[in-house]
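Working notes, structure below.
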Amino acid sequence: MANKFEKMEKRIDNLEERITKIEERLQSENPPTKRKPTSLPEFKLNYKPSNNKEKAVMVGYFYEKEKNMNNFTVNEIKDGFKKCKYPLPANMSDVIARASKDGLIMKAGKEGKYTQWMLTETGEKFVEGELKNEWTRIARKLV
């Protein structure tokens, strides 16, 4: 029985040594550089939304992925349209409702009188795939 414990102790010691070496190697390599934040107008250059619904979903994606927001409001989408210099639709709530009906975004609750929205997994995949600018896809493959 003591022999089994000795073998286990040696194995644990060996694993600890290996982990220590890996950690030291990772720390000695170049530390990860923090990338500069991307502005929304710069971010939109990577995408090709063709209508207001697609633009709204892309702006929501920007807030979630680039700004690390858990959710967004209709007013934040309006603000995103202004920053991108997109013309504001007559009724942004209708645009959001269409995106919700198509399963691209969903309600995430309420904060005060404002409904909070978030992208669905389908919405994320839509932005990452179908809305991606073709030139961006080609450039990424070349790098």
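Labels used: A, B, ... for chains in the order of the structure tokens, numbers from 1 for residues in each chain, and numbers from 1 for ligands as shown.
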
Original post:
Glu64 (chain A): which residues within 12 Å, counting only C-alpha atoms, same-chain residues fewer than 6 positions away excluded, as a ChimeraX atom specification?
Top reply: /A:40,57-58,70-73,76-77,105,117-120,123-124,127

**OP:** Step one, run DSSP on the backbone; step two, keep only residues of region 49-141 of chain A assigned to alpha helix (DSSP H); then write them as a PyMOL selection string.
**Re:** chain A and resi 52-65+74-84+92-101+121-128+134-141

**OP:** Choose the residue, out of A:Asp94, A:Asp102, A:Glu128, A:Glu42, that has the smallest atom-to-atom separation from Gly80 (chain A); count only C-alpha atoms.
**Re:** A:Glu42

Original post:
Distance CA of Phe81 (chain A)-CA of Pro41 (chain A), one decimal place?
Top reply: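 Value for the CA of Phe81 (chain A)-CA of Pro41 (chain A) distance: 9.5 Å.
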
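Shortest atom-to-atom contact with Ser100 (chain A) among A:Arg18, A:Lys53, A:Lys83, A:Lys132: A:Lys53, counting only C-alpha atoms.
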
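Residue nearest Lys44 (chain A) within the list A:Lys85, A:Ile19, A:Lys78, A:Val95: A:Lys85 [criterion: smallest interatomic distance, only C-alpha atoms].
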
Original post:
So which one's closest to Leu104 (chain A), A:Thr122, A:Asn91, A:Asn14, A:Ser39? Using only C-alpha atoms, please.
Top reply: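 Closest candidate: A:Thr122.
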
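Assigned to strand (DSSP E or B) in region 42-112 of chain A, given DSSP computed from backbone atoms, are Tyr47, Phe72, Ile105, Met106, Lys107, Ala108, Gly109, Lys110 and Glu111 of chain A.
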